[in-house]
$ cat run_13.pdb   # PDB, C-alpha atoms, pLDDT in the B column
ATOM      1  CA  GLN A   1     -64.669 -56.331 -94.520  1.00 87.00           C
ATOM      2  CA  VAL A   2     -60.985 -55.751 -95.147  1.00 94.00           C
ATOM      3  CA  GLN A   3     -58.804 -58.129 -97.093  1.00 97.00           C
ATOM      4  CA  LEU A   4     -55.083 -57.972 -96.365  1.00 98.00           C
ATOM      5  CA  VAL A   5     -52.388 -59.476 -98.573  1.00 98.00           C
ATOM      6  CA  GLU A   6     -48.746 -59.552 -97.548  1.00 98.00           C
ATOM      7  CA  SER A   7     -45.759 -59.831 -99.875  1.00 98.00           C
ATOM      8  CA  GLY A   8     -42.024 -59.321 -99.844  1.00 98.00           C
ATOM      9  CA  GLY A   9     -40.921 -62.238 -97.735  1.00 97.00           C
ATOM     10  CA  GLY A  10     -38.115 -64.567 -98.717  1.00 97.00           C
ATOM     11  CA  LEU A  11     -34.696 -65.904 -97.853  1.00 98.00           C
ATOM     12  CA  VAL A  12     -32.071 -63.389 -96.768  1.00 98.00           C
ATOM     13  CA  GLN A  13     -28.640 -63.679 -95.204  1.00 98.00           C
ATOM     14  CA  PRO A  14     -27.956 -62.447 -91.673  1.00 98.00           C
ATOM     15  CA  GLY A  15     -27.339 -58.714 -91.720  1.00 98.00           C
ATOM     16  CA  GLY A  16     -29.484 -58.262 -94.813  1.00 98.00           C
ATOM     17  CA  SER A  17     -32.670 -56.316 -95.390  1.00 98.00           C
ATOM     18  CA  LEU A  18     -36.181 -56.941 -96.615  1.00 98.00           C
ATOM     19  CA  ARG A  19     -39.258 -54.806 -97.072  1.00 98.00           C
ATOM     20  CA  LEU A  20     -42.649 -56.350 -96.458  1.00 98.00           C
ATOM     21  CA  THR A  21     -45.754 -54.875 -98.016  1.00 98.00           C
ATOM     22  CA  CYS A  22     -49.372 -55.271 -96.988  1.00 98.00           C
ATOM     23  CA  VAL A  23     -52.072 -54.262 -99.449  1.00 98.00           C
ATOM     24  CA  ALA A  24     -55.594 -53.719 -98.158  1.00 97.00           C
ATOM     25  CA  SER A  25     -58.824 -53.891-100.117  1.00 95.00           C
ATOM     26  CA  GLY A  26     -62.485 -53.665 -99.281  1.00 94.00           C
ATOM     27  CA  SER A  27     -62.209 -50.574 -97.129  1.00 92.00           C
ATOM     28  CA  SER A  28     -59.950 -47.606 -96.550  1.00 93.00           C
ATOM     29  CA  LEU A  29     -57.317 -48.168 -93.877  1.00 93.00           C
ATOM     30  CA  ARG A  30     -57.433 -44.540 -92.833  1.00 94.00           C
ATOM     31  CA  LEU A  31     -59.348 -45.198 -89.600  1.00 93.00           C
ATOM     32  CA  TYR A  32     -57.634 -48.481 -88.797  1.00 96.00           C
ATOM     33  CA  ASP A  33     -54.788 -49.200 -86.432  1.00 97.00           C
ATOM     34  CA  VAL A  34     -52.383 -51.423 -88.365  1.00 98.00           C
ATOM     35  CA  ALA A  35     -49.616 -53.711 -87.222  1.00 98.00           C
ATOM     36  CA  TRP A  36     -47.203 -56.446 -88.154  1.00 98.00           C
ATOM     37  CA  PHE A  37     -47.021 -59.632 -86.120  1.00 98.00           C
ATOM     38  CA  ARG A  38     -44.841 -62.684 -86.532  1.00 98.00           C
ATOM     39  CA  GLN A  39     -45.126 -66.295 -85.528  1.00 98.00           C
ATOM     40  CA  VAL A  40     -42.791 -69.254 -85.309  1.00 97.00           C
ATOM     41  CA  PRO A  41     -44.372 -72.734 -85.266  1.00 92.00           C
ATOM     42  CA  GLY A  42     -45.121 -73.740 -81.705  1.00 93.00           C
ATOM     43  CA  ASN A  43     -44.955 -70.173 -80.417  1.00 95.00           C
ATOM     44  CA  GLN A  44     -47.562 -67.472 -79.880  1.00 96.00           C
ATOM     45  CA  ARG A  45     -47.991 -64.718 -82.408  1.00 96.00           C
ATOM     46  CA  GLU A  46     -45.741 -61.794 -81.428  1.00 97.00           C
ATOM     47  CA  LEU A  47     -46.292 -58.097 -82.061  1.00 98.00           C
ATOM     48  CA  VAL A  48     -43.488 -56.693 -84.200  1.00 98.00           C
ATOM     49  CA  ALA A  49     -44.641 -53.125 -84.829  1.00 98.00           C
ATOM     50  CA  SER A  50     -47.815 -51.079 -84.772  1.00 98.00           C
ATOM     51  CA  PHE A  51     -48.955 -47.820 -86.325  1.00 97.00           C
ATOM     52  CA  THR A  52     -52.199 -46.329 -85.091  1.00 96.00           C
ATOM     53  CA  SER A  53     -54.673 -44.254 -87.083  1.00 95.00           C
ATOM     54  CA  LEU A  54     -53.334 -41.279 -85.122  1.00 95.00           C
ATOM     55  CA  PHE A  55     -49.847 -41.993 -86.452  1.00 93.00           C
ATOM     56  CA  ILE A  56     -48.383 -43.334 -83.237  1.00 97.00           C
ATOM     57  CA  LYS A  57     -45.750 -46.024 -83.793  1.00 97.00           C
ATOM     58  CA  SER A  58     -44.476 -48.668 -81.428  1.00 98.00           C
ATOM     59  CA  TYR A  59     -42.087 -51.607 -81.736  1.00 98.00           C
ATOM     60  CA  GLY A  60     -41.406 -54.854 -79.999  1.00 97.00           C
ATOM     61  CA  ASP A  61     -38.153 -54.852 -78.041  1.00 97.00           C
ATOM     62  CA  PRO A  62     -36.439 -57.464 -80.279  1.00 97.00           C
ATOM     63  CA  VAL A  63     -36.764 -55.250 -83.377  1.00 98.00           C
ATOM     64  CA  LYS A  64     -36.283 -51.728 -82.014  1.00 97.00           C
ATOM     65  CA  GLY A  65     -33.727 -49.820 -84.014  1.00 97.00           C
ATOM     66  CA  ARG A  66     -33.764 -52.367 -86.841  1.00 98.00           C
ATOM     67  CA  PHE A  67     -37.334 -52.369 -88.198  1.00 98.00           C
ATOM     68  CA  THR A  68     -39.480 -49.475 -89.375  1.00 98.00           C
ATOM     69  CA  ILE A  69     -43.232 -49.538 -89.924  1.00 98.00           C
ATOM     70  CA  SER A  70     -44.894 -47.099 -92.265  1.00 97.00           C
ATOM     71  CA  ARG A  71     -48.236 -46.634 -93.941  1.00 97.00           C
ATOM     72  CA  ASP A  72     -49.608 -44.917 -97.020  1.00 96.00           C
ATOM     73  CA  ASN A  73     -53.322 -44.376 -96.557  1.00 94.00           C
ATOM     74  CA  SER A  74     -53.699 -43.027-100.082  1.00 94.00           C
ATOM     75  CA  LYS A  75     -52.527 -46.383-101.431  1.00 96.00           C
ATOM     76  CA  ASN A  76     -54.083 -48.486 -98.665  1.00 97.00           C
ATOM     77  CA  MET A  77     -50.713 -50.024 -97.940  1.00 97.00           C
ATOM     78  CA  VAL A  78     -48.602 -50.819 -94.897  1.00 98.00           C
ATOM     79  CA  TYR A  79     -44.878 -51.505 -94.984  1.00 98.00           C
ATOM     80  CA  LEU A  80     -42.293 -53.072 -92.729  1.00 98.00           C
ATOM     81  CA  GLN A  81     -38.693 -52.227 -93.526  1.00 98.00           C
ATOM     82  CA  MET A  82     -36.438 -54.776 -91.863  1.00 98.00           C
ATOM     83  CA  SER A  83     -32.698 -54.243 -91.572  1.00 98.00           C
ATOM     84  CA  SER A  84     -29.811 -55.986 -89.809  1.00 98.00           C
ATOM     85  CA  LEU A  85     -31.813 -59.180 -89.943  1.00 98.00           C
ATOM     86  CA  LYS A  86     -30.943 -62.000 -87.573  1.00 98.00           C
ATOM     87  CA  PRO A  87     -31.698 -65.726 -87.742  1.00 97.00           C
ATOM     88  CA  GLU A  88     -34.112 -65.249 -84.837  1.00 97.00           C
ATOM     89  CA  ASP A  89     -36.212 -62.965 -87.065  1.00 98.00           C
ATOM     90  CA  THR A  90     -37.189 -66.048 -89.064  1.00 98.00           C
ATOM     91  CA  ALA A  91     -40.980 -66.371 -88.902  1.00 98.00           C
ATOM     92  CA  VAL A  92     -44.200 -65.947 -90.793  1.00 98.00           C
ATOM     93  CA  TYR A  93     -45.079 -62.260 -90.774  1.00 98.00           C
ATOM     94  CA  TYR A  94     -48.721 -61.199 -90.650  1.00 98.00           C
ATOM     95  CA  CYS A  95     -50.400 -57.905 -91.389  1.00 98.00           C
ATOM     96  CA  ASN A  96     -53.169 -56.848 -89.000  1.00 97.00           C
ATOM     97  CA  ALA A  97     -55.814 -54.120 -89.123  1.00 97.00           C
ATOM     98  CA  VAL A  98     -58.135 -53.142 -86.279  1.00 97.00           C
ATOM     99  CA  PHE A  99     -61.060 -50.722 -86.101  1.00 95.00           C
ATOM    100  CA  ARG A 100     -63.180 -50.834 -82.941  1.00 94.00           C
ATOM    101  CA  SER A 101     -64.170 -54.499 -82.581  1.00 94.00           C
ATOM    102  CA  ASP A 102     -63.277 -55.468 -86.151  1.00 95.00           C
ATOM    103  CA  ILE A 103     -59.978 -57.327 -86.488  1.00 96.00           C
ATOM    104  CA  PHE A 104     -58.542 -58.500 -89.793  1.00 97.00           C
ATOM    105  CA  TRP A 105     -55.506 -60.602 -90.652  1.00 98.00           C
ATOM    106  CA  GLY A 106     -53.614 -61.420 -93.776  1.00 98.00           C
ATOM    107  CA  ARG A 107     -52.410 -64.934 -94.555  1.00 97.00           C
ATOM    108  CA  GLY A 108     -48.782 -64.133 -93.875  1.00 97.00           C
ATOM    109  CA  THR A 109     -45.472 -64.127 -95.696  1.00 98.00           C
ATOM    110  CA  GLN A 110     -42.478 -66.268 -94.758  1.00 98.00           C
ATOM    111  CA  VAL A 111     -39.208 -64.586 -93.831  1.00 98.00           C
ATOM    112  CA  THR A 112     -36.173 -66.822 -93.442  1.00 98.00           C
ATOM    113  CA  VAL A 113     -32.848 -65.438 -92.280  1.00 98.00           C
ATOM    114  CA  SER A 114     -30.085 -67.925 -92.899  1.00 97.00           C
ATOM    115  CA  SER A 115     -26.644 -68.199 -94.409  1.00 95.00           C
TER     116      SER A 115
END
$ encode --input "run_13.pdb" --output "structure tokens"
Amino acid sequence: QVQLVESGGGLVQPGGSLRLTCVASGSSLRLYDVAWFRQVPGNQRELVASFTSLFIKSYGDPVKGRFTISRDNSKNMVYLQMSSLKPEDTAVYYCNAVFRSDIFWGRGTQVTVSS
């Protein structure tokens, strides 16, 4: 079992930056594919960025060039650096870890982009 806890969300003005952090416990993330998703009430959960165990990164089209995913396996942590934030980035952001058929989610952290 892997427990994931997100932090770093909050209120930020348009054009600002935030860094989200996901801390994992219970197992090493080294073999896991990790990702950040986001969800707005009434909408489906959307993939923001992923980072496989083989160090392959990918991003959703809405965040390309603005967000950066990274991971530190030695600390069992995953990060999402978000820059040039827009009001449409407002959502609950979730950390995700997958290994074979095992899928784990954190409880999410709220990001609100508003002036």
$ closest_residue --input "run_13.pdb" --among "A:Val12, A:Ala97, A:Leu54, A:Leu47" --to "A:Asn76" --atoms "all atoms listed in the file"
A:Ala97
$ residues_around --input "run_13.pdb" --residues "A:Cys95" --least-positions-apart "4" --cutoff "8 Å" --atoms "all atoms listed in the file" --output "list of chain:residue names"
A:Leu4, A:Val5, A:Glu6, A:Cys22, A:Val34, A:Ala35, A:Trp36, A:Phe37, A:Trp105, A:Gly106, A:Arg107, A:Gly108
$ closest_residue --input "run_13.pdb" --among "A:Leu29, A:Leu20, A:Val78, A:Asp72" --to "A:Gly8" --atoms "all atoms listed in the file"
A:Leu20
$ resolve_selection --input "run_13.pdb" --expression "the PyMOL selection byres ((chain A and resi 53) around 8)" --output "VMD selection string"
chain A and resid 30 to 34 51 to 52 54 to 56
$ residues_near_point --input "run_13.pdb" --point "(-32.9, -48.5, -88.5)" --cutoff "12 Å" --atoms "only C-alpha atoms" --output "ChimeraX atom specification"
/A:17,59,63-69,80-85
$ atom_distance --input "run_13.pdb" --atom1 "atom CA of A:Tyr94" --atom2 "atom CA of A:Ala24"
12.6 Å
$ closest_residue --input "run_13.pdb" --among "A:Phe99, A:Ser50, A:Ser25, A:Arg38" --to "A:Val111" --atoms "all atoms listed in the file"
A:Arg38
$ residues_around --input "run_13.pdb" --residues "A:Val113" --least-positions-apart "6" --cutoff "6 Å" --atoms "only C-alpha atoms" --output "count of residues only"
6
$ atom_distance --input "run_13.pdb" --atom1 "atom CA of A:Asp89" --atom2 "atom CA of A:Thr112"
7.5 Å
$ atom_distance --input "run_13.pdb" --atom1 "atom CA of A:Asn96" --atom2 "atom CA of A:Glu46"
11.7 Å
$ build_atoms --input "run_13.pdb" --residues "stretch 63-74 of chain A" --atoms "all heavy atoms" --output "short mmCIF file (atom, residue, chain, number, x, y, z; two decimals), in the coordinates of the input"
data_model
loop_
_atom_site.label_atom_id
_atom_site.label_comp_id
_atom_site.auth_asym_id
_atom_site.auth_seq_id
_atom_site.Cartn_x
_atom_site.Cartn_y
_atom_site.Cartn_z
N VAL A 63 -36.99 -55.85 -82.06
CA VAL A 63 -36.76 -55.25 -83.38
C VAL A 63 -36.48 -53.75 -83.31
O VAL A 63 -36.24 -53.13 -84.35
CB VAL A 63 -37.96 -55.51 -84.32
CG1 VAL A 63 -38.28 -57.00 -84.36
CG2 VAL A 63 -39.19 -54.71 -83.91
N LYS A 64 -36.51 -53.17 -82.13
CA LYS A 64 -36.28 -51.73 -82.01
C LYS A 64 -34.94 -51.35 -82.60
O LYS A 64 -33.91 -51.99 -82.33
CB LYS A 64 -36.36 -51.31 -80.55
CG LYS A 64 -37.78 -51.21 -80.00
CD LYS A 64 -37.78 -50.77 -78.54
CE LYS A 64 -39.21 -50.68 -78.02
NZ LYS A 64 -39.25 -50.34 -76.58
N GLY A 65 -34.96 -50.30 -83.40
CA GLY A 65 -33.73 -49.82 -84.01
C GLY A 65 -33.36 -50.53 -85.30
O GLY A 65 -32.44 -50.09 -86.01
N ARG A 66 -34.07 -51.61 -85.63
CA ARG A 66 -33.76 -52.37 -86.84
C ARG A 66 -34.92 -52.37 -87.84
O ARG A 66 -34.69 -52.43 -89.04
CB ARG A 66 -33.43 -53.81 -86.49
CG ARG A 66 -32.22 -53.97 -85.58
CD ARG A 66 -31.82 -55.44 -85.43
NE ARG A 66 -32.86 -56.24 -84.80
CZ ARG A 66 -33.42 -57.31 -85.37
NH1 ARG A 66 -33.04 -57.69 -86.58
NH2 ARG A 66 -34.37 -58.00 -84.72
N PHE A 67 -36.15 -52.32 -87.34
CA PHE A 67 -37.33 -52.37 -88.20
C PHE A 67 -38.04 -51.03 -88.16
O PHE A 67 -38.04 -50.33 -87.14
CB PHE A 67 -38.31 -53.44 -87.72
CG PHE A 67 -37.85 -54.87 -87.90
CD1 PHE A 67 -36.56 -55.19 -88.26
CD2 PHE A 67 -38.75 -55.91 -87.70
CE1 PHE A 67 -36.15 -56.51 -88.41
CE2 PHE A 67 -38.37 -57.23 -87.85
CZ PHE A 67 -37.06 -57.53 -88.21
N THR A 68 -38.70 -50.70 -89.28
CA THR A 68 -39.48 -49.48 -89.38
C THR A 68 -40.82 -49.77 -90.03
O THR A 68 -40.86 -50.34 -91.14
CB THR A 68 -38.74 -48.41 -90.19
OG1 THR A 68 -37.47 -48.14 -89.60
CG2 THR A 68 -39.54 -47.12 -90.25
N ILE A 69 -41.89 -49.39 -89.35
CA ILE A 69 -43.23 -49.54 -89.92
C ILE A 69 -43.66 -48.22 -90.53
O ILE A 69 -43.34 -47.14 -90.00
CB ILE A 69 -44.24 -50.01 -88.85
CG1 ILE A 69 -45.59 -50.36 -89.50
CG2 ILE A 69 -44.41 -48.98 -87.75
CD1 ILE A 69 -46.58 -51.04 -88.54
N SER A 70 -44.35 -48.29 -91.64
CA SER A 70 -44.89 -47.10 -92.26
C SER A 70 -46.22 -47.45 -92.94
O SER A 70 -46.55 -48.63 -93.10
CB SER A 70 -43.91 -46.51 -93.27
OG SER A 70 -43.60 -47.44 -94.28
N ARG A 71 -46.95 -46.41 -93.28
CA ARG A 71 -48.24 -46.63 -93.94
C ARG A 71 -48.48 -45.54 -94.96
O ARG A 71 -48.01 -44.41 -94.79
CB ARG A 71 -49.39 -46.70 -92.93
CG ARG A 71 -49.61 -45.41 -92.15
CD ARG A 71 -50.58 -45.62 -90.98
NE ARG A 71 -51.92 -45.96 -91.42
CZ ARG A 71 -52.88 -46.40 -90.61
NH1 ARG A 71 -52.65 -46.56 -89.31
NH2 ARG A 71 -54.09 -46.66 -91.09
N ASP A 72 -49.21 -45.88 -96.01
CA ASP A 72 -49.61 -44.92 -97.02
C ASP A 72 -51.11 -45.08 -97.19
O ASP A 72 -51.57 -45.97 -97.92
CB ASP A 72 -48.86 -45.17 -98.33
CG ASP A 72 -49.14 -44.11 -99.37
OD1 ASP A 72 -50.19 -43.43 -99.29
OD2 ASP A 72 -48.32 -43.96 -100.29
N ASN A 73 -51.87 -44.25 -96.51
CA ASN A 73 -53.32 -44.38 -96.56
C ASN A 73 -53.88 -44.13 -97.95
O ASN A 73 -54.93 -44.67 -98.32
CB ASN A 73 -53.98 -43.43 -95.56
CG ASN A 73 -53.76 -43.87 -94.12
OD1 ASN A 73 -53.46 -45.04 -93.85
ND2 ASN A 73 -53.90 -42.94 -93.19
N SER A 74 -53.21 -43.31 -98.73
CA SER A 74 -53.70 -43.03 -100.08
C SER A 74 -53.62 -44.26 -100.98
O SER A 74 -54.41 -44.41 -101.92
CB SER A 74 -52.92 -41.88 -100.71
OG SER A 74 -51.57 -42.26 -100.95
#
